[in-house]
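K.L.:
Sharing target.pdb, PDB, N, CA and C atoms:
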ATOM      1  N   MET A   1       1.446  -1.880 -20.499
ATOM      2  CA  MET A   1       1.435  -0.575 -19.877
ATOM      3  C   MET A   1       0.323  -0.491 -18.830
ATOM      4  N   GLY A   2      -0.816  -1.077 -19.108
ATOM      5  CA  GLY A   2      -1.919  -1.052 -18.156
ATOM      6  C   GLY A   2      -1.582  -1.755 -16.863
ATOM      7  N   LEU A   3      -0.834  -2.853 -16.962
ATOM      8  CA  LEU A   3      -0.420  -3.590 -15.767
ATOM      9  C   LEU A   3       0.526  -2.760 -14.911
ATOM     10  N   VAL A   4       1.426  -2.038 -15.548
ATOM     11  CA  VAL A   4       2.375  -1.196 -14.815
ATOM     12  C   VAL A   4       1.635  -0.105 -14.044
ATOM     13  N   VAL A   5       0.660   0.522 -14.690
ATOM     14  CA  VAL A   5      -0.122   1.565 -14.031
ATOM     15  C   VAL A   5      -0.927   0.978 -12.873
ATOM     16  N   ALA A   6      -1.501  -0.187 -13.062
ATOM     17  CA  ALA A   6      -2.289  -0.823 -12.005
ATOM     18  C   ALA A   6      -1.419  -1.175 -10.806
ATOM     19  N   VAL A   7      -0.239  -1.714 -11.053
ATOM     20  CA  VAL A   7       0.656  -2.088  -9.954
ATOM     21  C   VAL A   7       1.150  -0.842  -9.231
ATOM     22  N   ARG A   8       1.502   0.192  -9.991
ATOM     23  CA  ARG A   8       1.956   1.442  -9.362
ATOM     24  C   ARG A   8       0.839   2.041  -8.502
ATOM     25  N   SER A   9      -0.384   1.985  -8.980
ATOM     26  CA  SER A   9      -1.517   2.481  -8.199
ATOM     27  C   SER A   9      -1.701   1.668  -6.927
ATOM     28  N   LEU A  10      -1.510   0.365  -7.012
ATOM     29  CA  LEU A  10      -1.608  -0.497  -5.844
ATOM     30  C   LEU A  10      -0.563  -0.118  -4.798
ATOM     31  N   PHE A  11       0.654   0.179  -5.239
ATOM     32  CA  PHE A  11       1.707   0.595  -4.316
ATOM     33  C   PHE A  11       1.354   1.918  -3.654
ATOM     34  N   ASP A  12       0.811   2.855  -4.425
ATOM     35  CA  ASP A  12       0.429   4.146  -3.863
ATOM     36  C   ASP A  12      -0.687   3.999  -2.840
ATOM     37  N   VAL A  13      -1.646   3.150  -3.125
ATOM     38  CA  VAL A  13      -2.752   2.918  -2.190
ATOM     39  C   VAL A  13      -2.216   2.301  -0.897
ATOM     40  N   ALA A  14      -1.322   1.336  -1.010
ATOM     41  CA  ALA A  14      -0.750   0.709   0.183
ATOM     42  C   ALA A  14       0.019   1.733   1.012
ATOM     43  N   PHE A  15       0.805   2.576   0.341
ATOM     44  CA  PHE A  15       1.568   3.604   1.051
ATOM     45  C   PHE A  15       0.628   4.536   1.810
ATOM     46  N   VAL A  16      -0.391   5.038   1.130
ATOM     47  CA  VAL A  16      -1.305   6.008   1.738
ATOM     48  C   VAL A  16      -2.112   5.374   2.872
ATOM     49  N   LEU A  17      -2.583   4.159   2.690
ATOM     50  CA  LEU A  17      -3.369   3.509   3.743
ATOM     51  C   LEU A  17      -2.577   3.362   5.032
ATOM     52  N   PHE A  18      -1.347   2.906   4.917
ATOM     53  CA  PHE A  18      -0.549   2.720   6.124
ATOM     54  C   PHE A  18      -0.051   4.051   6.669
ATOM     55  N   ASP A  19       0.145   5.028   5.799
ATOM     56  CA  ASP A  19       0.504   6.364   6.252
ATOM     57  C   ASP A  19      -0.624   6.938   7.104
ATOM     58  N   VAL A  20      -1.846   6.848   6.625
ATOM     59  CA  VAL A  20      -3.000   7.361   7.362
ATOM     60  C   VAL A  20      -3.248   6.547   8.633
ATOM     61  N   ALA A  21      -3.088   5.242   8.548
ATOM     62  CA  ALA A  21      -3.367   4.384   9.702
ATOM     63  C   ALA A  21      -2.414   4.654  10.863
ATOM     64  N   PHE A  22      -1.180   4.999  10.579
ATOM     65  CA  PHE A  22      -0.195   5.140  11.643
ATOM     66  C   PHE A  22       0.153   6.580  11.993
ATOM     67  N   VAL A  23      -0.430   7.559  11.290
ATOM     68  CA  VAL A  23      -0.069   8.945  11.576
ATOM     69  C   VAL A  23      -0.506   9.369  12.976
ATOM     70  N   LEU A  24      -1.619   8.877  13.460
ATOM     71  CA  LEU A  24      -2.063   9.218  14.808
ATOM     72  C   LEU A  24      -1.094   8.651  15.849
ATOM     73  N   PHE A  25      -0.690   7.415  15.663
ATOM     74  CA  PHE A  25       0.276   6.814  16.575
ATOM     75  C   PHE A  25       1.615   7.550  16.499
ATOM     76  N   GLY A  26       1.987   7.989  15.303
ATOM     77  CA  GLY A  26       3.210   8.772  15.150
ATOM     78  C   GLY A  26       3.130  10.091  15.902
ATOM     79  N   GLY A  27       1.940  10.700  15.909
ATOM     80  CA  GLY A  27       1.755  11.932  16.667
ATOM     81  C   GLY A  27       1.889  11.705  18.164
ATOM     82  N   VAL A  28       1.350  10.613  18.645
ATOM     83  CA  VAL A  28       1.479  10.281  20.062
ATOM     84  C   VAL A  28       2.946  10.041  20.407
ATOM     85  N   LEU A  29       3.633   9.327  19.550
ATOM     86  CA  LEU A  29       5.051   9.059  19.772
ATOM     87  C   LEU A  29       5.860  10.353  19.746
ATOM     88  N   ALA A  30       5.536  11.247  18.816
ATOM     89  CA  ALA A  30       6.247  12.522  18.723
ATOM     90  C   ALA A  30       5.998  13.385  19.964
ATOM     91  N   GLY A  31       4.841  13.248  20.566
ATOM     92  CA  GLY A  31       4.549  14.005  21.779
ATOM     93  C   GLY A  31       5.248  13.463  23.007
ATOM     94  N   ARG A  32       5.614  12.200  22.988
ATOM     95  CA  ARG A  32       6.232  11.573  24.155
ATOM     96  C   ARG A  32       7.761  11.584  24.109
ATOM     97  N   LEU A  33       8.314  11.544  22.928
ATOM     98  CA  LEU A  33       9.771  11.488  22.773
ATOM     99  C   LEU A  33      10.303  12.841  22.319
ATOM    100  N   PRO A  34      11.604  13.065  22.438
ATOM    101  CA  PRO A  34      12.170  14.328  21.947
ATOM    102  C   PRO A  34      11.895  14.496  20.448
ATOM    103  N   ARG A  35      11.337  15.645  20.079
ATOM    104  CA  ARG A  35      10.915  15.862  18.694
ATOM    105  C   ARG A  35      12.063  15.832  17.703
ATOM    106  N   ARG A  36      13.240  16.117  18.164
ATOM    107  CA  ARG A  36      14.379  16.108  17.239
ATOM    108  C   ARG A  36      14.859  14.702  16.918
ATOM    109  N   LEU A  37      14.524  13.753  17.767
ATOM    110  CA  LEU A  37      14.962  12.378  17.528
ATOM    111  C   LEU A  37      13.946  11.556  16.743
ATOM    112  N   VAL A  38      12.675  11.900  16.866
ATOM    113  CA  VAL A  38      11.625  11.079  16.255
ATOM    114  C   VAL A  38      11.734  11.023  14.724
ATOM    115  N   PRO A  39      12.020  12.127  14.011
ATOM    116  CA  PRO A  39      12.101  12.007  12.548
ATOM    117  C   PRO A  39      13.325  11.237  12.052
ATOM    118  N   VAL A  40      14.354  11.139  12.864
ATOM    119  CA  VAL A  40      15.592  10.504  12.414
ATOM    120  C   VAL A  40      15.423   9.003  12.203
ATOM    121  N   GLY A  41      14.836   8.315  13.168
ATOM    122  CA  GLY A  41      14.662   6.867  13.057
ATOM    123  C   GLY A  41      13.839   6.453  11.847
ATOM    124  N   PRO A  42      12.639   7.013  11.680
ATOM    125  CA  PRO A  42      11.856   6.647  10.499
ATOM    126  C   PRO A  42      12.531   7.035   9.182
ATOM    127  N   SER A  43      13.303   8.111   9.190
ATOM    128  CA  SER A  43      13.987   8.507   7.956
ATOM    129  C   SER A  43      15.062   7.488   7.578
ATOM    130  N   VAL A  44      15.770   6.994   8.566
ATOM    131  CA  VAL A  44      16.776   5.958   8.297
ATOM    132  C   VAL A  44      16.098   4.684   7.796
ATOM    133  N   LEU A  45      15.017   4.297   8.454
ATOM    134  CA  LEU A  45      14.286   3.103   8.016
ATOM    135  C   LEU A  45      13.676   3.296   6.635
ATOM    136  N   SER A  46      13.191   4.494   6.352
ATOM    137  CA  SER A  46      12.616   4.777   5.042
ATOM    138  C   SER A  46      13.678   4.707   3.947
ATOM    139  N   THR A  47      14.872   5.178   4.266
ATOM    140  CA  THR A  47      15.972   5.080   3.303
ATOM    141  C   THR A  47      16.263   3.621   2.981
ATOM    142  N   ALA A  48      16.300   2.794   3.995
ATOM    143  CA  ALA A  48      16.517   1.364   3.766
ATOM    144  C   ALA A  48      15.355   0.750   2.996
ATOM    145  N   GLY A  49      14.138   1.179   3.340
ATOM    146  CA  GLY A  49      12.954   0.654   2.656
ATOM    147  C   GLY A  49      12.867   1.061   1.206
ATOM    148  N   GLN A  50      13.451   2.194   0.853
ATOM    149  CA  GLN A  50      13.450   2.620  -0.537
ATOM    150  C   GLN A  50      14.636   2.040  -1.307
ATOM    151  N   GLY A  51      15.692   1.697  -0.596
ATOM    152  CA  GLY A  51      16.832   1.067  -1.253
ATOM    153  C   GLY A  51      16.632  -0.425  -1.470
ATOM    154  N   ALA A  52      15.783  -1.036  -0.666
ATOM    155  CA  ALA A  52      15.542  -2.476  -0.772
ATOM    156  C   ALA A  52      14.948  -2.885  -2.115
ATOM    157  N   PRO A  53      13.966  -2.149  -2.678
ATOM    158  CA  PRO A  53      13.472  -2.558  -4.006
ATOM    159  C   PRO A  53      14.559  -2.512  -5.071
ATOM    160  N   ALA A  54      15.456  -1.533  -4.969
ATOM    161  CA  ALA A  54      16.565  -1.467  -5.931
ATOM    162  C   ALA A  54      17.458  -2.695  -5.802
ATOM    163  N   ALA A  55      17.726  -3.085  -4.562
ATOM    164  CA  ALA A  55      18.542  -4.282  -4.345
ATOM    165  C   ALA A  55      17.831  -5.522  -4.876
ATOM    166  N   LEU A  56      16.515  -5.607  -4.661
ATOM    167  CA  LEU A  56      15.763  -6.760  -5.170
ATOM    168  C   LEU A  56      15.790  -6.819  -6.691
ATOM    169  N   VAL A  57      15.722  -5.666  -7.330
ATOM    170  CA  VAL A  57      15.797  -5.636  -8.800
ATOM    171  C   VAL A  57      17.181  -6.077  -9.264
ATOM    172  N   LEU A  58      18.202  -5.597  -8.586
ATOM    173  CA  LEU A  58      19.569  -5.943  -8.992
ATOM    174  C   LEU A  58      19.883  -7.432  -8.843
ATOM    175  N   ILE A  59      19.287  -8.083  -7.852
ATOM    176  CA  ILE A  59      19.556  -9.512  -7.668
ATOM    177  C   ILE A  59      18.469 -10.381  -8.304
ATOM    178  N   HIS A  60      17.593  -9.736  -9.084
ATOM    179  CA  HIS A  60      16.549 -10.436  -9.843
ATOM    180  C   HIS A  60      15.551 -11.184  -8.955
ATOM    181  N   HIS A  61      15.213 -10.589  -7.816
ATOM    182  CA  HIS A  61      14.218 -11.184  -6.918
ATOM    183  C   HIS A  61      13.048 -10.244  -6.656
ATOM    184  N   ALA A  62      12.896  -9.228  -7.487
ATOM    185  CA  ALA A  62      11.818  -8.261  -7.292
ATOM    186  C   ALA A  62      10.494  -8.879  -7.733
ATOM    187  N   THR A  63       9.589  -9.012  -6.788
ATOM    188  CA  THR A  63       8.246  -9.493  -7.088
ATOM    189  C   THR A  63       7.248  -8.470  -6.551
ATOM    190  N   ILE A  64       6.058  -8.529  -7.052
ATOM    191  CA  ILE A  64       5.035  -7.576  -6.624
ATOM    192  C   ILE A  64       4.773  -7.677  -5.119
ATOM    193  N   PRO A  65       4.640  -8.870  -4.540
ATOM    194  CA  PRO A  65       4.418  -8.917  -3.086
ATOM    195  C   PRO A  65       5.548  -8.287  -2.267
ATOM    196  N   TRP A  66       6.800  -8.505  -2.673
ATOM    197  CA  TRP A  66       7.922  -7.910  -1.939
ATOM    198  C   TRP A  66       7.892  -6.396  -2.028
ATOM    199  N   ILE A  67       7.686  -5.879  -3.212
ATOM    200  CA  ILE A  67       7.693  -4.430  -3.387
ATOM    201  C   ILE A  67       6.472  -3.810  -2.715
ATOM    202  N   LEU A  68       5.358  -4.505  -2.731
ATOM    203  CA  LEU A  68       4.166  -4.023  -2.028
ATOM    204  C   LEU A  68       4.417  -3.976  -0.517
ATOM    205  N   ALA A  69       5.046  -4.988   0.018
ATOM    206  CA  ALA A  69       5.368  -5.006   1.451
ATOM    207  C   ALA A  69       6.317  -3.866   1.811
ATOM    208  N   LEU A  70       7.280  -3.580   0.953
ATOM    209  CA  LEU A  70       8.203  -2.477   1.210
ATOM    210  C   LEU A  70       7.499  -1.130   1.111
ATOM    211  N   SER A  71       6.514  -1.029   0.237
ATOM    212  CA  SER A  71       5.723   0.198   0.135
ATOM    213  C   SER A  71       4.897   0.415   1.395
ATOM    214  N   VAL A  72       4.351  -0.651   1.948
ATOM    215  CA  VAL A  72       3.615  -0.575   3.208
ATOM    216  C   VAL A  72       4.552  -0.102   4.326
ATOM    217  N   CYS A  73       5.742  -0.649   4.370
ATOM    218  CA  CYS A  73       6.719  -0.226   5.387
ATOM    219  C   CYS A  73       7.068   1.248   5.219
ATOM    220  N   ASP A  74       7.255   1.679   3.990
ATOM    221  CA  ASP A  74       7.604   3.072   3.732
ATOM    222  C   ASP A  74       6.483   4.011   4.188
ATOM    223  N   GLY A  75       5.232   3.633   3.941
ATOM    224  CA  GLY A  75       4.114   4.442   4.409
ATOM    225  C   GLY A  75       4.047   4.512   5.922
ATOM    226  N   THR A  76       4.357   3.415   6.573
ATOM    227  CA  THR A  76       4.364   3.378   8.033
ATOM    228  C   THR A  76       5.473   4.270   8.586
ATOM    229  N   PHE A  77       6.653   4.201   7.990
ATOM    230  CA  PHE A  77       7.768   5.035   8.450
ATOM    231  C   PHE A  77       7.451   6.515   8.247
ATOM    232  N   ALA A  78       6.840   6.859   7.118
ATOM    233  CA  ALA A  78       6.478   8.252   6.851
ATOM    234  C   ALA A  78       5.461   8.759   7.875
ATOM    235  N   ALA A  79       4.560   7.892   8.282
ATOM    236  CA  ALA A  79       3.545   8.293   9.264
ATOM    237  C   ALA A  79       4.166   8.618  10.617
ATOM    238  N   PHE A  80       5.233   7.958  10.969
ATOM    239  CA  PHE A  80       5.888   8.243  12.234
ATOM    240  C   PHE A  80       6.696   9.539  12.171
ATOM    241  N   ALA A  81       7.269   9.855  11.034
ATOM    242  CA  ALA A  81       8.114  11.037  10.906
ATOM    243  C   ALA A  81       7.308  12.320  10.715
ATOM    244  N   MET A  82       6.153  12.252  10.071
ATOM    245  CA  MET A  82       5.408  13.452   9.704
ATOM    246  C   MET A  82       4.994  14.327  10.887
ATOM    247  N   PRO A  83       4.381  13.801  11.941
ATOM    248  CA  PRO A  83       3.959  14.689  13.032
ATOM    249  C   PRO A  83       5.125  15.404  13.718
ATOM    250  N   ALA A  84       6.229  14.723  13.881
ATOM    251  CA  ALA A  84       7.372  15.340  14.551
ATOM    252  C   ALA A  84       7.996  16.431  13.680
ATOM    253  N   SER A  85       8.110  16.180  12.391
ATOM    254  CA  SER A  85       8.688  17.205  11.525
ATOM    255  C   SER A  85       7.755  18.400  11.398
ATOM    256  N   SER A  86       6.461  18.166  11.416
ATOM    257  CA  SER A  86       5.504  19.277  11.387
ATOM    258  C   SER A  86       5.553  20.078  12.683
ATOM    259  N   ALA A  87       5.800  19.428  13.799
ATOM    260  CA  ALA A  87       5.883  20.123  15.080
ATOM    261  C   ALA A  87       7.177  20.926  15.203
ATOM    262  N   LEU A  88       8.222  20.512  14.513
ATOM    263  CA  LEU A  88       9.484  21.245  14.559
ATOM    264  C   LEU A  88       9.428  22.542  13.763
ATOM    265  N   LEU A  89       8.619  22.588  12.736
ATOM    266  CA  LEU A  89       8.593  23.731  11.834
ATOM    267  C   LEU A  89       8.279  25.049  12.549
ATOM    268  N   PRO A  90       7.237  25.140  13.371
ATOM    269  CA  PRO A  90       6.964  26.413  14.043
ATOM    270  C   PRO A  90       8.063  26.839  15.024
ATOM    271  N   GLN A  91       8.829  25.892  15.497
ATOM    272  CA  GLN A  91       9.900  26.210  16.439
ATOM    273  C   GLN A  91      11.156  26.725  15.746
ATOM    274  N   THR A  92      11.279  26.477  14.450
ATOM    275  CA  THR A  92      12.510  26.816  13.750
ATOM    276  C   THR A  92      12.350  27.901  12.698
ATOM    277  N   VAL A  93      11.118  28.259  12.355
ATOM    278  CA  VAL A  93      10.871  29.238  11.299
ATOM    279  C   VAL A  93      10.190  30.462  11.898
ATOM    280  N   PRO A  94      10.641  31.671  11.547
ATOM    281  CA  PRO A  94       9.968  32.878  12.045
ATOM    282  C   PRO A  94       8.517  32.954  11.568
ATOM    283  N   ASP A  95       7.698  33.643  12.335
ATOM    284  CA  ASP A  95       6.260  33.728  12.035
ATOM    285  C   ASP A  95       5.971  34.252  10.636
ATOM    286  N   GLU A  96       6.725  35.242  10.184
ATOM    287  CA  GLU A  96       6.442  35.841   8.874
ATOM    288  C   GLU A  96       6.790  34.913   7.706
ATOM    289  N   LEU A  97       7.564  33.880   7.946
ATOM    290  CA  LEU A  97       7.924  32.922   6.891
ATOM    291  C   LEU A  97       7.216  31.578   7.041
ATOM    292  N   ARG A  98       6.350  31.467   8.021
ATOM    293  CA  ARG A  98       5.754  30.169   8.310
ATOM    294  C   ARG A  98       4.872  29.638   7.173
ATOM    295  N   LEU A  99       4.127  30.499   6.493
ATOM    296  CA  LEU A  99       3.269  30.060   5.394
ATOM    297  C   LEU A  99       4.099  29.436   4.274
ATOM    298  N   GLN A 100       5.186  30.108   3.905
ATOM    299  CA  GLN A 100       6.060  29.566   2.859
ATOM    300  C   GLN A 100       6.741  28.281   3.325
ATOM    301  N   ALA A 101       7.133  28.242   4.589
ATOM    302  CA  ALA A 101       7.791  27.041   5.117
ATOM    303  C   ALA A 101       6.834  25.853   5.134
ATOM    304  N   ASN A 102       5.585  26.092   5.516
ATOM    305  CA  ASN A 102       4.586  25.014   5.494
ATOM    306  C   ASN A 102       4.350  24.513   4.074
ATOM    307  N   ALA A 103       4.285  25.441   3.125
ATOM    308  CA  ALA A 103       4.079  25.050   1.725
ATOM    309  C   ALA A 103       5.251  24.216   1.221
ATOM    310  N   LEU A 104       6.456  24.637   1.547
ATOM    311  CA  LEU A 104       7.632  23.874   1.119
ATOM    312  C   LEU A 104       7.688  22.505   1.794
ATOM    313  N   ASN A 105       7.335  22.458   3.062
ATOM    314  CA  ASN A 105       7.316  21.194   3.802
ATOM    315  C   ASN A 105       6.314  20.213   3.192
ATOM    316  N   ARG A 106       5.124  20.682   2.878
ATOM    317  CA  ARG A 106       4.102  19.812   2.273
ATOM    318  C   ARG A 106       4.504  19.375   0.871
ATOM    319  N   THR A 107       5.102  20.289   0.107
ATOM    320  CA  THR A 107       5.544  19.947  -1.252
ATOM    321  C   THR A 107       6.617  18.866  -1.199
ATOM    322  N   ALA A 108       7.557  19.024  -0.295
ATOM    323  CA  ALA A 108       8.629  18.021  -0.171
ATOM    324  C   ALA A 108       8.074  16.685   0.275
ATOM    325  N   ARG A 109       7.065  16.704   1.128
ATOM    326  CA  ARG A 109       6.494  15.450   1.640
ATOM    327  C   ARG A 109       5.710  14.697   0.565
ATOM    328  N   THR A 110       5.036  15.425  -0.312
ATOM    329  CA  THR A 110       4.222  14.759  -1.340
ATOM    330  C   THR A 110       5.015  14.434  -2.585
ATOM    331  N   ALA A 111       6.251  14.864  -2.671
ATOM    332  CA  ALA A 111       7.051  14.639  -3.874
ATOM    333  C   ALA A 111       7.831  13.337  -3.819
ATOM    334  N   ARG A 112       7.417  12.406  -2.997
ATOM    335  CA  ARG A 112       8.152  11.149  -2.858
ATOM    336  C   ARG A 112       8.215  10.482  -4.172
TER     337      ARG A 112
END
Translate the structure described by the file into structure tokens.

P.N.:
Amino acid sequence: MGLVVAVRSLFDVAFVLFDVAFVLFGGVLAGRLPRRLVPVGPSVLSTAGQGAPAALVLIHHATIPWILALSVCDGTFAAFAMPASSALLPQTVPDELRLQANALNRTARTAR
């Protein structure tokens, strides 16, 4: 059980490190490209990145390095999508509902 917790913590650290490292670049990208298109690409890649560990388990090739690498990719994809989705929120939600919308957006983002 201790090994499982340690490995899961390692995956979370890898996700967060790459999420933080690339969020600034994601913001720059979101400012240069159409905001409606920027979240779509990383979301598609993130879906593939989250389905890949399942495929590796099913074919009996799941190893810690592979799953760690996929976690790093997932954190990178999330960093690219976050600034654009945050920038879309004020444009789509009325001012009186913005606090609740921000809370829901953050809750959904951290519930991975």

K.L.:
Would you translate the PyMOL selection byres ((chain A and resi 72) around 8) into the concrete set of residues it matches in this file, as a list in words?

P.N.:
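Applying the expression gives Phe11, Val13, Ala14, Phe15, Val16, Leu17, Phe18, Asp19, Trp66, Ile67, Leu68, Ala69, Leu70, Ser71, Cys73, Asp74, Gly75, Thr76, Phe77 and Ala78 of chain A.
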
K.L.:
Need the shell around Ala87 of chain A: protein/DNA/RNA residues with any atom at most 12 Å away, counting only C-alpha atoms. Skip same-chain ones fewer than 4 positions apart. Format as a ChimeraX atom specification?

P.N.:
/A:26-28,30-31,34-36,38-39,81-83,91-93,102,105

K.L.:
Give me the box for segment 86-105 of chain A as lines of an AutoDock Vina configuration file, namely the centre and edge lengths in Å to one decimal of a box along x, y and z that holds every listed atom plus 6 Å on each side.

P.N.:
center_x = 7.9
center_y = 27.0
center_z = 8.8
size_x = 21.2
size_y = 29.7
size_z = 27.3

K.L.:
Can you tell me how far atom CA of Phe80 of chain A sits from atom CA of Leu29 of chain A, in Å to one decimal?

P.N.:
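A separation of 7.6 Å between them.
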
K.L.:
To one decimal place in Å, what is the distance between atom CA of Ser9 of chain A and atom C of Gln100 of chain A?

P.N.:
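Going from atom CA of Ser9 of chain A over to atom C of Gln100 of chain A, I get 29.4 Å.
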
K.L.:
Quick check, in Å to one decimal: how far apart do atom CA of Arg98 of chain A and atom CA of Ser85 of chain A lie?

P.N.:
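Here the two named atoms are 13.7 Å from each other.
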
K.L.:
From a DSSP calculation on the backbone, collect every residue of chain A in helix (DSSP H, G or I) and output the set as an MDAnalysis selection string.

P.N.:
chainID A and resid 2:32 40:58 64:92 95:110

K.L.:
Skipping near chain neighbours, those fewer than 5 positions away, what residues fall within 10 Å of Ala101 of chain A using only C-alpha atoms, listed as a PyMOL selection string?

P.N.:
chain A and resi 89-90+92-96+106-107

K.L.:
Missing atoms in segment 21-29 of chain A need filling: write out all heavy atoms for it as a JSON list (two decimals), in the coordinates of the input.

P.N.:
[["chain", "number", "residue", "atom", "x", "y", "z"],
["A", 21, "ALA", "N", -3.09, 5.24, 8.55],
["A", 21, "ALA", "CA", -3.37, 4.38, 9.70],
["A", 21, "ALA", "C", -2.41, 4.65, 10.86],
["A", 21, "ALA", "O", -2.81, 4.57, 12.03],
["A", 21, "ALA", "CB", -3.28, 2.92, 9.28],
["A", 22, "PHE", "N", -1.18, 5.00, 10.58],
["A", 22, "PHE", "CA", -0.20, 5.14, 11.64],
["A", 22, "PHE", "C", 0.15, 6.58, 11.99],
["A", 22, "PHE", "O", 0.94, 6.82, 12.90],
["A", 22, "PHE", "CB", 1.08, 4.37, 11.29],
["A", 22, "PHE", "CG", 0.94, 2.90, 11.46],
["A", 22, "PHE", "CD1", 0.67, 2.08, 10.37],
["A", 22, "PHE", "CD2", 1.05, 2.31, 12.71],
["A", 22, "PHE", "CE1", 0.52, 0.72, 10.52],
["A", 22, "PHE", "CE2", 0.90, 0.95, 12.87],
["A", 22, "PHE", "CZ", 0.64, 0.15, 11.78],
["A", 23, "VAL", "N", -0.43, 7.56, 11.29],
["A", 23, "VAL", "CA", -0.07, 8.94, 11.58],
["A", 23, "VAL", "C", -0.51, 9.37, 12.98],
["A", 23, "VAL", "O", 0.20, 10.13, 13.65],
["A", 23, "VAL", "CB", -0.60, 9.89, 10.48],
["A", 23, "VAL", "CG1", -2.09, 10.13, 10.62],
["A", 23, "VAL", "CG2", 0.15, 11.20, 10.50],
["A", 24, "LEU", "N", -1.62, 8.88, 13.46],
["A", 24, "LEU", "CA", -2.06, 9.22, 14.81],
["A", 24, "LEU", "C", -1.09, 8.65, 15.85],
["A", 24, "LEU", "O", -0.71, 9.35, 16.80],
["A", 24, "LEU", "CB", -3.48, 8.69, 15.05],
["A", 24, "LEU", "CG", -4.11, 9.06, 16.38],
["A", 24, "LEU", "CD1", -4.23, 10.56, 16.52],
["A", 24, "LEU", "CD2", -5.48, 8.42, 16.49],
["A", 25, "PHE", "N", -0.69, 7.42, 15.66],
["A", 25, "PHE", "CA", 0.28, 6.81, 16.58],
["A", 25, "PHE", "C", 1.62, 7.55, 16.50],
["A", 25, "PHE", "O", 2.29, 7.73, 17.51],
["A", 25, "PHE", "CB", 0.45, 5.33, 16.26],
["A", 25, "PHE", "CG", 1.32, 4.61, 17.25],
["A", 25, "PHE", "CD1", 0.91, 4.45, 18.56],
["A", 25, "PHE", "CD2", 2.54, 4.11, 16.87],
["A", 25, "PHE", "CE1", 1.70, 3.79, 19.49],
["A", 25, "PHE", "CE2", 3.35, 3.45, 17.78],
["A", 25, "PHE", "CZ", 2.93, 3.29, 19.09],
["A", 26, "GLY", "N", 1.99, 7.99, 15.30],
["A", 26, "GLY", "CA", 3.21, 8.77, 15.15],
["A", 26, "GLY", "C", 3.13, 10.09, 15.90],
["A", 26, "GLY", "O", 4.12, 10.55, 16.48],
["A", 27, "GLY", "N", 1.94, 10.70, 15.91],
["A", 27, "GLY", "CA", 1.76, 11.93, 16.67],
["A", 27, "GLY", "C", 1.89, 11.70, 18.16],
["A", 27, "GLY", "O", 2.48, 12.52, 18.87],
["A", 28, "VAL", "N", 1.35, 10.61, 18.64],
["A", 28, "VAL", "CA", 1.48, 10.28, 20.06],
["A", 28, "VAL", "C", 2.95, 10.04, 20.41],
["A", 28, "VAL", "O", 3.45, 10.53, 21.42],
["A", 28, "VAL", "CB", 0.62, 9.04, 20.41],
["A", 28, "VAL", "CG1", 0.94, 8.53, 21.81],
["A", 28, "VAL", "CG2", -0.85, 9.36, 20.26],
["A", 29, "LEU", "N", 3.63, 9.33, 19.55],
["A", 29, "LEU", "CA", 5.05, 9.06, 19.77],
["A", 29, "LEU", "C", 5.86, 10.35, 19.75],
["A", 29, "LEU", "O", 6.75, 10.55, 20.58],
["A", 29, "LEU", "CB", 5.56, 8.09, 18.71],
["A", 29, "LEU", "CG", 6.95, 7.53, 18.88],
["A", 29, "LEU", "CD1", 7.00, 6.65, 20.12],
["A", 29, "LEU", "CD2", 7.35, 6.72, 17.66]]
